[in-house]
>>> print(open('entry.txt').read())   # compact mmCIF, C-alpha atoms and all ligand atoms
# COMPACT_ATOMS: atom_id res chain seq x y z
CA MET A 11 10.90 1.42 -6.15
CA GLN A 12 11.05 3.01 -2.69
CA VAL A 13 9.32 0.83 -0.18
CA ASN A 14 8.99 0.52 3.55
CA GLN A 15 11.59 -2.11 4.41
CA LYS A 16 10.11 -2.65 7.87
CA ILE A 17 6.84 -3.79 6.35
CA VAL A 18 8.69 -6.02 3.87
CA LYS A 19 10.55 -7.87 6.61
CA GLU A 20 7.46 -8.37 8.72
CA LYS A 21 5.61 -9.69 5.68
CA VAL A 22 8.36 -12.15 4.79
CA LYS A 23 8.48 -13.41 8.38
CA THR A 24 4.80 -14.31 8.37
CA THR A 25 4.69 -16.05 4.97
CA LYS A 26 5.61 -19.44 6.48
CA VAL A 27 2.57 -19.53 8.79
CA GLU A 28 -0.33 -21.50 7.28
CA LYS A 29 -3.37 -19.28 6.96
CA ALA A 30 -7.09 -19.89 6.58
CA VAL A 31 -8.37 -19.85 3.01
CA VAL A 32 -10.71 -16.91 2.29
CA LEU A 33 -11.33 -17.68 -1.37
CA ASN A 34 -11.03 -20.87 -3.35
CA VAL A 35 -11.60 -20.51 -7.10
CA LYS A 36 -12.00 -23.76 -9.02
CA ASP A 37 -12.17 -24.07 -12.80
CA LEU A 38 -13.72 -20.62 -13.22
CA LYS A 39 -15.01 -19.83 -16.72
CA LYS A 40 -16.47 -16.70 -18.27
CA TYR A 41 -17.47 -16.81 -21.94
CA PHE A 42 -18.96 -13.74 -23.67
CA PRO A 43 -21.17 -14.62 -26.64
CA VAL A 44 -20.27 -13.06 -30.00
CA LYS A 45 -23.46 -12.14 -31.89
CA SER A 46 -24.04 -11.51 -35.56
CA GLY A 47 -27.05 -10.60 -37.66
CA PHE A 48 -29.09 -7.46 -38.20
CA LEU A 49 -32.64 -8.18 -37.06
CA ILE A 50 -32.25 -11.64 -35.57
CA GLN A 51 -28.96 -11.90 -33.73
CA LYS A 52 -27.34 -15.30 -33.58
CA THR A 53 -24.45 -16.41 -31.38
CA ILE A 54 -21.62 -17.24 -33.76
CA GLY A 55 -18.90 -17.86 -31.18
CA TYR A 56 -17.60 -17.03 -27.73
CA VAL A 57 -14.88 -14.81 -26.30
CA LYS A 58 -13.38 -17.26 -23.83
CA ALA A 59 -12.08 -14.52 -21.55
CA VAL A 60 -11.60 -16.85 -18.55
CA ASP A 61 -11.38 -20.55 -19.26
CA GLY A 62 -10.69 -22.79 -16.28
CA VAL A 63 -8.88 -20.67 -13.70
CA SER A 64 -8.15 -22.12 -10.24
CA PHE A 65 -6.35 -20.56 -7.27
CA GLU A 66 -6.84 -19.70 -3.62
CA VAL A 67 -6.38 -16.62 -1.46
CA LYS A 68 -5.44 -16.98 2.19
CA LYS A 69 -6.42 -14.65 5.02
CA GLY A 70 -4.00 -11.75 5.29
CA LYS A 71 -2.18 -12.82 2.10
CA THR A 72 -1.93 -11.49 -1.44
CA PHE A 73 -2.43 -13.42 -4.65
CA GLY A 74 -0.96 -11.57 -7.64
CA LEU A 75 -2.45 -12.02 -11.10
CA VAL A 76 -0.23 -11.03 -14.04
CA GLY A 77 -0.34 -11.32 -17.80
CA GLU A 78 -0.52 -9.27 -20.97
CA SER A 79 -3.44 -7.03 -21.82
CA GLY A 80 -6.60 -8.96 -22.70
CA CYS A 81 -5.60 -12.23 -21.00
CA GLY A 82 -8.63 -12.15 -18.68
CA LYS A 83 -7.38 -10.68 -15.38
CA THR A 84 -10.18 -8.12 -14.93
CA THR A 85 -12.84 -10.61 -16.07
CA THR A 86 -11.54 -13.06 -13.44
CA GLY A 87 -11.84 -10.36 -10.74
CA ARG A 88 -15.29 -9.23 -11.88
CA SER A 89 -16.55 -12.83 -12.00
CA ILE A 90 -15.26 -13.60 -8.50
CA ILE A 91 -16.90 -10.55 -6.98
CA ARG A 92 -20.05 -11.30 -8.99
CA LEU A 93 -20.17 -8.03 -10.94
CA ILE A 94 -20.74 -10.52 -13.76
CA LYS A 95 -22.06 -14.06 -13.50
CA PRO A 96 -19.49 -16.76 -14.22
CA THR A 97 -20.31 -19.19 -17.04
CA ALA A 98 -19.07 -22.13 -14.95
CA GLY A 99 -16.87 -23.03 -12.01
CA VAL A 100 -16.77 -22.65 -8.25
CA VAL A 101 -16.09 -19.44 -6.31
CA GLU A 102 -15.90 -20.63 -2.72
CA PHE A 103 -15.88 -17.51 -0.57
CA LEU A 104 -15.68 -18.06 3.21
CA GLY A 105 -16.72 -21.66 2.64
CA THR A 106 -19.77 -21.00 0.40
CA ASN A 107 -19.92 -21.33 -3.39
CA ILE A 108 -21.21 -17.91 -4.43
CA ALA A 109 -20.90 -18.51 -8.19
CA ASP A 110 -24.56 -19.47 -8.63
CA LEU A 111 -26.22 -17.44 -5.86
CA ASN A 112 -28.94 -14.95 -6.82
CA GLU A 113 -28.79 -11.28 -5.78
CA LYS A 114 -30.75 -11.84 -2.56
CA GLU A 115 -28.59 -14.78 -1.52
CA LEU A 116 -25.45 -12.80 -2.40
CA LYS A 117 -26.32 -9.82 -0.20
CA PRO A 118 -24.56 -11.00 2.99
CA TYR A 119 -21.37 -11.64 0.98
CA ARG A 120 -21.40 -8.34 -0.93
CA THR A 121 -20.05 -6.31 2.01
CA LYS A 122 -17.31 -8.85 2.68
CA MET A 123 -15.68 -8.53 -0.75
CA GLN A 124 -14.74 -5.29 -2.45
CA ILE A 125 -12.99 -4.19 -5.62
CA VAL A 126 -10.75 -1.18 -6.33
CA PHE A 127 -10.20 -0.11 -9.95
CA GLN A 128 -7.35 1.62 -11.73
CA ASP A 129 -9.12 4.95 -12.17
CA PRO A 130 -10.49 6.18 -8.83
CA MET A 131 -12.23 9.16 -10.50
CA SER A 132 -14.57 6.85 -12.40
CA SER A 133 -15.52 4.94 -9.24
CA LEU A 134 -16.27 8.05 -7.14
CA ASN A 135 -19.49 10.02 -7.66
CA PRO A 136 -18.37 13.60 -8.48
CA ARG A 137 -21.55 15.02 -6.94
CA LEU A 138 -21.07 13.47 -3.50
CA SER A 139 -18.67 14.83 -0.89
CA ILE A 140 -16.28 12.26 0.58
CA GLY A 141 -18.37 12.24 3.76
CA GLU A 142 -21.57 11.53 1.81
CA ALA A 143 -19.94 8.84 -0.33
CA LEU A 144 -18.41 7.03 2.64
CA SER A 145 -21.43 7.34 4.96
CA GLU A 146 -23.75 5.68 2.39
CA PRO A 147 -22.53 2.08 2.97
CA LEU A 148 -22.24 2.61 6.75
CA LEU A 149 -25.84 3.82 7.04
CA TYR A 150 -27.28 1.38 4.48
CA HIS A 151 -25.74 -1.63 6.22
CA LYS A 152 -26.63 -0.22 9.65
CA ARG A 153 -23.03 -0.22 10.86
CA VAL A 154 -23.68 3.13 12.60
CA LYS A 155 -26.77 4.58 14.28
CA SER A 156 -26.52 8.21 13.15
CA LYS A 157 -24.89 10.55 10.68
CA ALA A 158 -22.75 11.95 13.51
CA GLU A 159 -21.42 8.48 14.33
CA ALA A 160 -20.76 7.86 10.62
CA ASN A 161 -18.73 11.07 10.46
CA MET A 162 -16.59 9.95 13.40
CA VAL A 163 -15.89 6.58 11.75
CA ILE A 164 -15.09 8.29 8.42
CA LYS A 165 -12.69 10.83 9.96
CA ASP A 166 -10.77 7.98 11.68
CA LEU A 167 -10.67 6.07 8.41
CA LEU A 168 -9.41 9.09 6.45
CA VAL A 169 -6.50 9.38 8.90
CA LYS A 170 -5.85 5.64 8.55
CA VAL A 171 -5.49 5.98 4.76
CA GLY A 172 -3.18 8.99 5.10
CA LEU A 173 -5.69 11.84 4.60
CA LYS A 174 -6.94 14.52 6.99
CA PRO A 175 -10.24 14.56 8.93
CA TYR A 176 -11.22 17.87 7.27
CA HIS A 177 -11.15 16.16 3.84
CA ILE A 178 -14.58 14.76 4.75
CA ASP A 179 -16.29 17.84 3.27
CA ARG A 180 -14.36 17.90 -0.01
CA TYR A 181 -15.40 16.56 -3.41
CA PRO A 182 -13.44 14.07 -5.60
CA HIS A 183 -12.21 16.77 -8.04
CA GLN A 184 -10.48 18.57 -5.15
CA PHE A 185 -7.97 15.72 -4.69
CA SER A 186 -4.87 14.51 -6.54
CA GLY A 187 -4.86 11.07 -8.23
CA GLY A 188 -2.98 9.47 -5.32
CA GLN A 189 -5.36 11.01 -2.76
CA ARG A 190 -8.36 9.80 -4.77
CA GLN A 191 -6.98 6.28 -4.74
CA ARG A 192 -6.65 6.57 -0.94
CA ILE A 193 -10.36 7.52 -0.82
CA ALA A 194 -11.26 4.57 -3.06
CA LEU A 195 -9.34 2.33 -0.65
CA ALA A 196 -11.12 3.89 2.34
CA ARG A 197 -14.46 3.13 0.71
CA ALA A 198 -13.38 -0.44 -0.07
CA ILE A 199 -12.37 -1.19 3.53
CA ILE A 200 -15.02 0.79 5.40
CA LEU A 201 -17.21 -2.29 5.96
CA LYS A 202 -14.17 -4.40 7.00
CA PRO A 203 -14.16 -6.86 4.07
CA GLU A 204 -12.41 -10.24 4.09
CA LEU A 205 -11.28 -9.94 0.46
CA VAL A 206 -10.26 -6.93 -1.64
CA ILE A 207 -9.63 -7.21 -5.38
CA LEU A 208 -7.17 -4.56 -6.50
CA ASP A 209 -7.34 -4.18 -10.28
CA GLU A 210 -4.29 -2.18 -11.39
CA PRO A 211 -4.73 0.13 -8.38
CA THR A 212 -1.45 1.98 -8.94
CA SER A 213 -1.16 1.98 -12.75
CA SER A 214 -2.35 5.56 -13.19
CA LEU A 215 -0.05 6.95 -10.47
CA ASP A 216 3.54 8.10 -10.67
CA VAL A 217 6.25 5.89 -9.16
CA SER A 218 6.67 7.63 -5.78
CA ILE A 219 2.88 7.76 -5.21
CA GLN A 220 2.67 4.09 -6.30
CA ALA A 221 5.11 3.16 -3.54
CA GLN A 222 3.06 5.08 -0.94
CA ILE A 223 -0.16 3.31 -1.98
CA ILE A 224 1.55 -0.11 -1.95
CA ASN A 225 2.87 0.55 1.56
CA LEU A 226 -0.58 1.69 2.63
CA LEU A 227 -2.09 -1.53 1.22
CA LEU A 228 0.46 -3.62 3.12
CA SER A 229 -0.08 -1.84 6.42
CA LEU A 230 -3.89 -2.07 6.08
CA GLN A 231 -3.56 -5.79 5.36
CA GLU A 232 -1.27 -6.25 8.36
CA GLU A 233 -3.78 -4.48 10.60
CA MET A 234 -7.07 -5.85 9.22
CA GLY A 235 -6.03 -9.30 7.93
CA MET A 236 -7.75 -8.95 4.52
CA GLY A 237 -6.90 -11.25 1.61
CA TYR A 238 -5.95 -9.40 -1.59
CA ILE A 239 -6.07 -10.28 -5.25
CA PHE A 240 -3.61 -7.87 -6.83
CA ILE A 241 -3.96 -7.51 -10.59
CA SER A 242 -1.19 -5.71 -12.46
CA HIS A 243 1.03 -5.52 -15.52
CA ASP A 244 3.86 -4.25 -13.36
CA LEU A 245 5.86 -7.32 -12.38
CA SER A 246 8.08 -5.49 -9.89
CA VAL A 247 5.03 -4.30 -7.95
CA VAL A 248 3.40 -7.75 -8.11
CA ARG A 249 6.60 -9.37 -6.91
CA PHE A 250 6.88 -6.93 -4.04
CA ILE A 251 3.31 -7.22 -2.76
CA SER A 252 2.34 -10.85 -3.53
CA ASP A 253 2.77 -14.00 -1.49
CA GLU A 254 1.59 -16.15 -4.40
CA VAL A 255 1.35 -15.40 -8.10
CA GLY A 256 -0.62 -16.72 -11.07
CA VAL A 257 0.56 -15.97 -14.61
CA MET A 258 -2.38 -15.78 -17.04
CA TYR A 259 -2.35 -16.32 -20.78
CA LEU A 260 -5.50 -16.31 -22.93
CA GLY A 261 -7.87 -17.05 -20.07
CA ARG A 262 -5.80 -19.72 -18.30
CA ILE A 263 -3.18 -19.77 -15.56
CA VAL A 264 0.02 -21.16 -17.11
CA GLU A 265 2.27 -20.89 -14.04
CA TYR A 266 1.31 -20.64 -10.40
CA GLY A 267 3.07 -20.67 -7.07
CA GLN A 268 4.93 -18.88 -4.35
CA SER A 269 5.91 -15.42 -5.53
CA ASP A 270 9.65 -15.64 -4.79
CA GLU A 271 9.87 -19.01 -6.50
CA ILE A 272 8.08 -17.82 -9.64
CA PHE A 273 10.22 -14.71 -9.92
CA THR A 274 13.60 -16.31 -9.17
CA ASN A 275 12.94 -19.57 -11.04
CA PRO A 276 10.38 -18.88 -13.80
CA LEU A 277 9.73 -22.01 -15.86
CA HIS A 278 7.05 -21.29 -18.45
CA PRO A 279 8.48 -19.61 -21.59
CA TYR A 280 5.67 -17.05 -21.26
CA THR A 281 6.62 -16.13 -17.67
CA LYS A 282 10.27 -15.92 -18.75
CA GLY A 283 9.22 -13.66 -21.61
CA LEU A 284 7.23 -11.34 -19.34
CA LEU A 285 10.22 -11.10 -17.01
CA ALA A 286 12.62 -10.51 -19.89
CA ALA A 287 10.45 -7.60 -20.99
CA ALA A 288 10.31 -6.08 -17.50
CA PRO A 289 13.79 -5.70 -16.03
CA ILE A 290 13.92 -6.06 -12.26
CA PRO A 291 17.00 -4.81 -10.39
CA ASP A 292 17.72 -8.13 -8.70
CA PRO A 293 20.87 -10.15 -9.53
CA LYS A 294 19.16 -13.40 -8.44
CA VAL A 295 16.65 -13.20 -11.29
CA LYS A 296 17.82 -15.14 -14.34
CA ARG A 297 16.83 -13.54 -17.59
CA SER A 298 18.24 -13.20 -21.04
CA LYS A 299 17.28 -11.65 -24.35
CA LYS A 300 16.62 -15.11 -25.79
CA ASP A 301 13.48 -15.32 -23.64
CA MET A 302 11.93 -12.20 -25.19
CA ILE A 303 8.49 -12.95 -26.66
CA THR A 304 7.61 -11.81 -30.14
CA GLY A 305 4.20 -11.52 -31.80
CA LYS A 306 0.81 -10.68 -30.38
CA VAL A 307 -1.66 -12.45 -28.10
CA PRO A 308 -4.04 -14.45 -30.38
CA SER A 309 -7.76 -13.66 -30.27
CA PRO A 310 -9.64 -15.31 -27.38
CA ILE A 311 -12.42 -16.08 -29.90
CA ASN A 312 -10.18 -18.20 -32.09
CA ARG A 313 -7.42 -19.64 -29.96
CA PRO A 314 -4.62 -21.83 -31.34
CA ASN A 315 -4.89 -25.61 -30.96
CA GLY A 316 -2.77 -27.32 -28.33
CA CYS A 317 -0.88 -24.98 -26.00
CA PHE A 318 -2.26 -21.48 -26.64
CA PHE A 319 1.26 -20.08 -26.37
CA HIS A 320 2.88 -22.42 -28.94
CA PRO A 321 2.78 -19.99 -31.95
CA ARG A 322 5.00 -17.58 -29.95
CA CYS A 323 7.13 -20.21 -28.19
CA LYS A 324 10.74 -20.84 -29.20
CA TYR A 325 10.87 -24.15 -27.32
CA LYS A 326 7.70 -25.76 -28.73
CA LYS A 327 7.62 -29.53 -29.40
CA ALA A 328 5.27 -31.38 -31.76
CA VAL A 329 2.85 -32.21 -28.92
CA CYS A 330 2.47 -28.50 -28.06
CA GLU A 331 0.64 -27.96 -31.38
CA SER A 332 -2.04 -30.54 -30.66
CA GLU A 333 -2.52 -31.04 -26.89
CA TYR A 334 -3.05 -28.45 -24.14
CA PRO A 335 -0.40 -29.17 -21.45
CA PRO A 336 -1.63 -30.30 -18.00
CA LEU A 337 -0.65 -28.34 -14.88
CA ILE A 338 2.48 -30.06 -13.58
CA LYS A 339 3.60 -29.90 -9.96
CA VAL A 340 7.26 -28.87 -9.92
CA SER A 341 7.48 -28.46 -6.13
CA ASP A 342 5.06 -28.06 -3.23
CA THR A 343 4.87 -24.35 -4.06
CA HIS A 344 5.24 -24.28 -7.84
CA TRP A 345 3.07 -25.49 -10.76
CA VAL A 346 3.54 -25.01 -14.49
CA SER A 347 1.48 -25.90 -17.55
CA CYS A 348 4.16 -26.68 -20.15
CA TYR A 349 5.38 -29.84 -21.95
CA LEU A 350 9.00 -28.83 -21.33
CA TYR A 351 8.49 -30.09 -17.79
CA ALA A 352 6.14 -33.02 -18.42
N1 LIG A 401 -18.29 -7.56 -21.65
C1 LIG A 401 -17.50 -8.13 -22.55
N2 LIG A 401 -17.99 -8.61 -23.72
C2 LIG A 401 -17.21 -9.21 -24.63
N3 LIG A 401 -15.88 -9.41 -24.46
C3 LIG A 401 -15.33 -8.96 -23.31
C4 LIG A 401 -16.09 -8.30 -22.29
N4 LIG A 401 -15.26 -7.97 -21.27
C5 LIG A 401 -14.03 -8.40 -21.63
N5 LIG A 401 -14.07 -9.00 -22.85
C6 LIG A 401 -12.94 -9.61 -23.55
O1 LIG A 401 -12.36 -10.57 -22.69
C7 LIG A 401 -10.95 -10.59 -22.83
C8 LIG A 401 -10.30 -10.38 -21.49
O2 LIG A 401 -10.55 -9.03 -21.07
P1 LIG A 401 -10.05 -8.48 -19.66
O3 LIG A 401 -10.53 -7.09 -19.53
O4 LIG A 401 -10.45 -9.44 -18.60
O5 LIG A 401 -8.46 -8.51 -19.83
P2 LIG A 401 -7.32 -7.95 -18.88
O6 LIG A 401 -6.35 -9.08 -18.68
O7 LIG A 401 -7.91 -7.35 -17.66
O8 LIG A 401 -6.64 -6.85 -19.80
P3 LIG A 401 -5.96 -5.45 -19.39
O9 LIG A 401 -4.61 -5.84 -18.84
O10 LIG A 401 -5.86 -4.70 -20.66
O11 LIG A 401 -6.83 -4.78 -18.37
C9 LIG A 401 -10.60 -9.52 -23.87
O12 LIG A 401 -10.44 -10.14 -25.12
C10 LIG A 401 -11.82 -8.62 -23.86
O13 LIG A 401 -12.01 -8.00 -25.12
MG MG A 402 -7.89 -5.40 -16.88
>>> encode(input="entry.txt", output="structure tokens")
Amino acid sequence: MQVNQKIVKEKVKTTKVEKAVVLNVKDLKKYFPVKSGFLIQKTIGYVKAVDGVSFEVKKGKTFGLVGESGCGKTTTGRSIIRLIKPTAGVVEFLGTNIADLNEKELKPYRTKMQIVFQDPMSSLNPRLSIGEALSEPLLYHKRVKSKAEANMVIKDLLVKVGLKPYHIDRYPHQFSGGQRQRIALARAIILKPELVILDEPTSSLDVSIQAQIINLLLSLQEEMGMGYIFISHDLSVVRFISDEVGVMYLGRIVEYGQSDEIFTNPLHPYTKGLLAAAPIPDPKVKRSKKDMITGKVPSPINRPNGCFFHPRCKYKKAVCESEYPPLIKVSDTHWVSCYLYA
């Protein structure tokens, strides 16, 4: 992947500095009820999409969330930003637990956290010009006094995200996929948020455009100091952009820590399997075919006993079939939930 090396070096240099925590997620749960019955619907079970997830995001830093499809990454993001109400847990955003706040109480926090989805077309109103779409939040939240002032702010922002001031009068269908994602980013940052959740923001783009968007994200973060949660299947992108990483499996984080450490010294058989399936051109990364995972992710409605990964794990012990492994601290910057290290 082509990336801006200057930005990489600057980012690496600043990773040692301790930063303020923007978001602290503790034991977050989101269960969706499964209903059955024709006239009278009864709850017959729960999809445990997120089941006890904890991590933190520091100011100006990126937390990467990886895992196979259906493991609960999007549900984690949507619960944090309160697009859906968490079933349980704490979402401490800028020092306040927003997990249980009602809509009115949430209002001051809404502008400070934003989400960007994979498909920018579905998040942009096709009937509004870019100027209309971007001026809405500025005017609604009284960040500008007039339409003319809004237009000035928007034109500056369009340049900042790599577009042209005259794009203000165009409509979403008049842009390419990469340009639309730049507009979605502009809309996400227009109110200067503290936290941006990026849910597969580059998955629908081709590789060279992906690299441009990643570099744009890094330079915006450098300039504005936002914390990011970066959700992706693409391990090479997550490795590149993240300071810390959480590996999710069936609603839980099974390995967590500093990005370089997780990628150069993966411990959980699941993390090793994900890496084995996604070759990264880096000789430092240890991987072998023996780590390849077989089989499918079990249903989150009916999860295996013990460690959820044990039916697919080549290294399982007897205890793995009956007890869920605790999160074990391997170093100050690395945790793993696996009996191999207990
Ligand atoms: N509104 C809902 N009602 C019921 N089940 C849901 C709902 N939303 C998500 N789920 C289920 O929760 C689980 C986690 O879904 P989620 O979209 O969070 O996964 P994901 O990790 O983002 O997957 P992908 O990588 O494919 O985007 C899945 O089994 C999904 O079917
Ligand atoms: Mg998803």
>>> atom_distance(input="entry.txt", atom1="CA of Ile263 in chain A", atom2="atom C9 of ligand LIG 401 (chain A)")
15.1 Å
>>> residues_near_point(input="entry.txt", point="(-3.0, -7.4, -9.8)", cutoff="8 Å", atoms="all atoms listed in the file", output="list of chain:residue names")
A:Phe73, A:Gly74, A:Leu75, A:Val76, A:Lys83, A:Ile207, A:Leu208, A:Asp209, A:Glu210, A:Pro211, A:Ile239, A:Phe240, A:Ile241, A:Ser242, A:His243, A:Val248
>>> residues_near_point(input="entry.txt", point="(-18.4, 9.0, -0.4)", cutoff="9 Å", atoms="only C-alpha atoms", output="PyMOL selection string")
chain A and resi 134-135+138-147+178+181-182+193-194+197
>>> closest_atom_pairs(input="entry.txt", of="chain A", to="ligand LIG 401 (chain A)", cutoff="6 Å", atoms="all atoms listed in the file", output="JSON lines")
{"residue": "A:Phe42", "atom": "CA", "partner": "A:LIG401", "partner_atom": "C2", "distance": 5.0}
{"residue": "A:Val57", "atom": "CA", "partner": "A:LIG401", "partner_atom": "N3", "distance": 5.8}
{"residue": "A:Ala59", "atom": "CA", "partner": "A:LIG401", "partner_atom": "O1", "distance": 4.1}
{"residue": "A:Glu78", "atom": "CA", "partner": "A:LIG401", "partner_atom": "O9", "distance": 5.7}
{"residue": "A:Ser79", "atom": "CA", "partner": "A:LIG401", "partner_atom": "O9", "distance": 3.4}
{"residue": "A:Gly80", "atom": "CA", "partner": "A:LIG401", "partner_atom": "O5", "distance": 3.4}
{"residue": "A:Cys81", "atom": "CA", "partner": "A:LIG401", "partner_atom": "O6", "distance": 4.0}
{"residue": "A:Gly82", "atom": "CA", "partner": "A:LIG401", "partner_atom": "O4", "distance": 3.3}
{"residue": "A:Lys83", "atom": "CA", "partner": "A:LIG401", "partner_atom": "O6", "distance": 3.8}
{"residue": "A:Thr84", "atom": "CA", "partner": "A:LIG401", "partner_atom": "O7", "distance": 3.6}
{"residue": "A:Thr85", "atom": "CA", "partner": "A:LIG401", "partner_atom": "O4", "distance": 3.7}
{"residue": "A:Pro310", "atom": "CA", "partner": "A:LIG401", "partner_atom": "O12", "distance": 5.7}
>>> atom_distance(input="entry.txt", atom1="CA of Tyr41 in chain A", atom2="CA of Glu204 in chain A")
27.3 Å
>>> atom_distance(input="entry.txt", atom1="CA of Gly99 in chain A", atom2="CA of Gly87 in chain A")
13.7 Å
>>> residues_around(input="entry.txt", residues="Glu333 in chain A", least_positions_apart="6", cutoff="8 Å", atoms="all atoms listed in the file", output="PyMOL selection string")
chain A and resi 315-317
>>> decode(input="entry.txt", residues="range 119-141 of chain A", atoms="N, CA and C atoms", output="mmCIF file, in the first residue's frame")
data_model
loop_
_atom_site.group_PDB
_atom_site.id
_atom_site.type_symbol
_atom_site.label_atom_id
_atom_site.label_comp_id
_atom_site.auth_asym_id
_atom_site.auth_seq_id
_atom_site.Cartn_x
_atom_site.Cartn_y
_atom_site.Cartn_z
ATOM 1 N N TYR A 119 -23.489 15.920 23.532
ATOM 2 C CA TYR A 119 -22.415 14.984 23.150
ATOM 3 C C TYR A 119 -22.511 14.572 21.681
ATOM 4 N N ARG A 120 -23.711 14.698 21.115
ATOM 5 C CA ARG A 120 -23.940 14.236 19.744
ATOM 6 C C ARG A 120 -22.982 14.879 18.742
ATOM 7 N N THR A 121 -22.729 16.188 18.900
ATOM 8 C CA THR A 121 -21.870 16.876 17.925
ATOM 9 C C THR A 121 -20.405 16.496 18.114
ATOM 10 N N LYS A 122 -20.075 15.973 19.295
ATOM 11 C CA LYS A 122 -18.663 15.700 19.601
ATOM 12 C C LYS A 122 -18.230 14.310 19.171
ATOM 13 N N MET A 123 -19.193 13.482 18.743
ATOM 14 C CA MET A 123 -18.835 12.149 18.233
ATOM 15 C C MET A 123 -19.563 11.899 16.915
ATOM 16 N N GLN A 124 -18.846 11.402 15.952
ATOM 17 C CA GLN A 124 -19.412 11.204 14.619
ATOM 18 C C GLN A 124 -19.047 9.821 14.102
ATOM 19 N N ILE A 125 -19.802 9.356 13.110
ATOM 20 C CA ILE A 125 -19.513 8.048 12.528
ATOM 21 C C ILE A 125 -19.476 8.170 11.000
ATOM 22 N N VAL A 126 -18.568 7.451 10.379
ATOM 23 C CA VAL A 126 -18.472 7.409 8.908
ATOM 24 C C VAL A 126 -18.633 5.956 8.492
ATOM 25 N N PHE A 127 -19.538 5.693 7.551
ATOM 26 C CA PHE A 127 -19.811 4.315 7.133
ATOM 27 C C PHE A 127 -19.075 3.962 5.843
ATOM 28 N N GLN A 128 -19.143 2.666 5.533
ATOM 29 C CA GLN A 128 -18.461 2.132 4.351
ATOM 30 C C GLN A 128 -18.958 2.772 3.048
ATOM 31 N N ASP A 129 -20.302 2.897 2.948
ATOM 32 C CA ASP A 129 -20.866 3.358 1.686
ATOM 33 C C ASP A 129 -21.304 4.809 1.810
ATOM 34 N N PRO A 130 -20.495 5.749 1.307
ATOM 35 C CA PRO A 130 -20.828 7.166 1.502
ATOM 36 C C PRO A 130 -22.121 7.565 0.797
ATOM 37 N N MET A 131 -22.470 6.844 -0.302
ATOM 38 C CA MET A 131 -23.685 7.204 -1.051
ATOM 39 C C MET A 131 -24.919 7.062 -0.161
ATOM 40 N N SER A 132 -24.923 5.994 0.682
ATOM 41 C CA SER A 132 -26.109 5.775 1.504
ATOM 42 C C SER A 132 -26.194 6.770 2.656
ATOM 43 N N SER A 133 -25.068 7.433 3.001
ATOM 44 C CA SER A 133 -25.155 8.384 4.110
ATOM 45 C C SER A 133 -25.290 9.831 3.626
ATOM 46 N N LEU A 134 -25.298 10.028 2.279
ATOM 47 C CA LEU A 134 -25.496 11.391 1.767
ATOM 48 C C LEU A 134 -26.872 11.481 1.103
ATOM 49 N N ASN A 135 -27.610 12.550 1.395
ATOM 50 C CA ASN A 135 -28.932 12.722 0.799
ATOM 51 C C ASN A 135 -28.772 13.124 -0.675
ATOM 52 N N PRO A 136 -29.264 12.273 -1.615
ATOM 53 C CA PRO A 136 -29.037 12.571 -3.040
ATOM 54 C C PRO A 136 -29.696 13.867 -3.500
ATOM 55 N N ARG A 137 -30.683 14.355 -2.727
ATOM 56 C CA ARG A 137 -31.413 15.545 -3.158
ATOM 57 C C ARG A 137 -30.790 16.854 -2.658
ATOM 58 N N LEU A 138 -29.789 16.730 -1.784
ATOM 59 C CA LEU A 138 -29.161 17.955 -1.269
ATOM 60 C C LEU A 138 -27.804 18.165 -1.922
ATOM 61 N N SER A 139 -27.524 19.410 -2.317
ATOM 62 C CA SER A 139 -26.180 19.712 -2.826
ATOM 63 C C SER A 139 -25.216 19.579 -1.641
ATOM 64 N N ILE A 140 -23.925 19.509 -1.946
ATOM 65 C CA ILE A 140 -22.925 19.370 -0.880
ATOM 66 C C ILE A 140 -23.003 20.572 0.059
ATOM 67 N N GLY A 141 -23.218 21.753 -0.522
ATOM 68 C CA GLY A 141 -23.333 22.968 0.293
ATOM 69 C C GLY A 141 -24.516 22.877 1.250
#
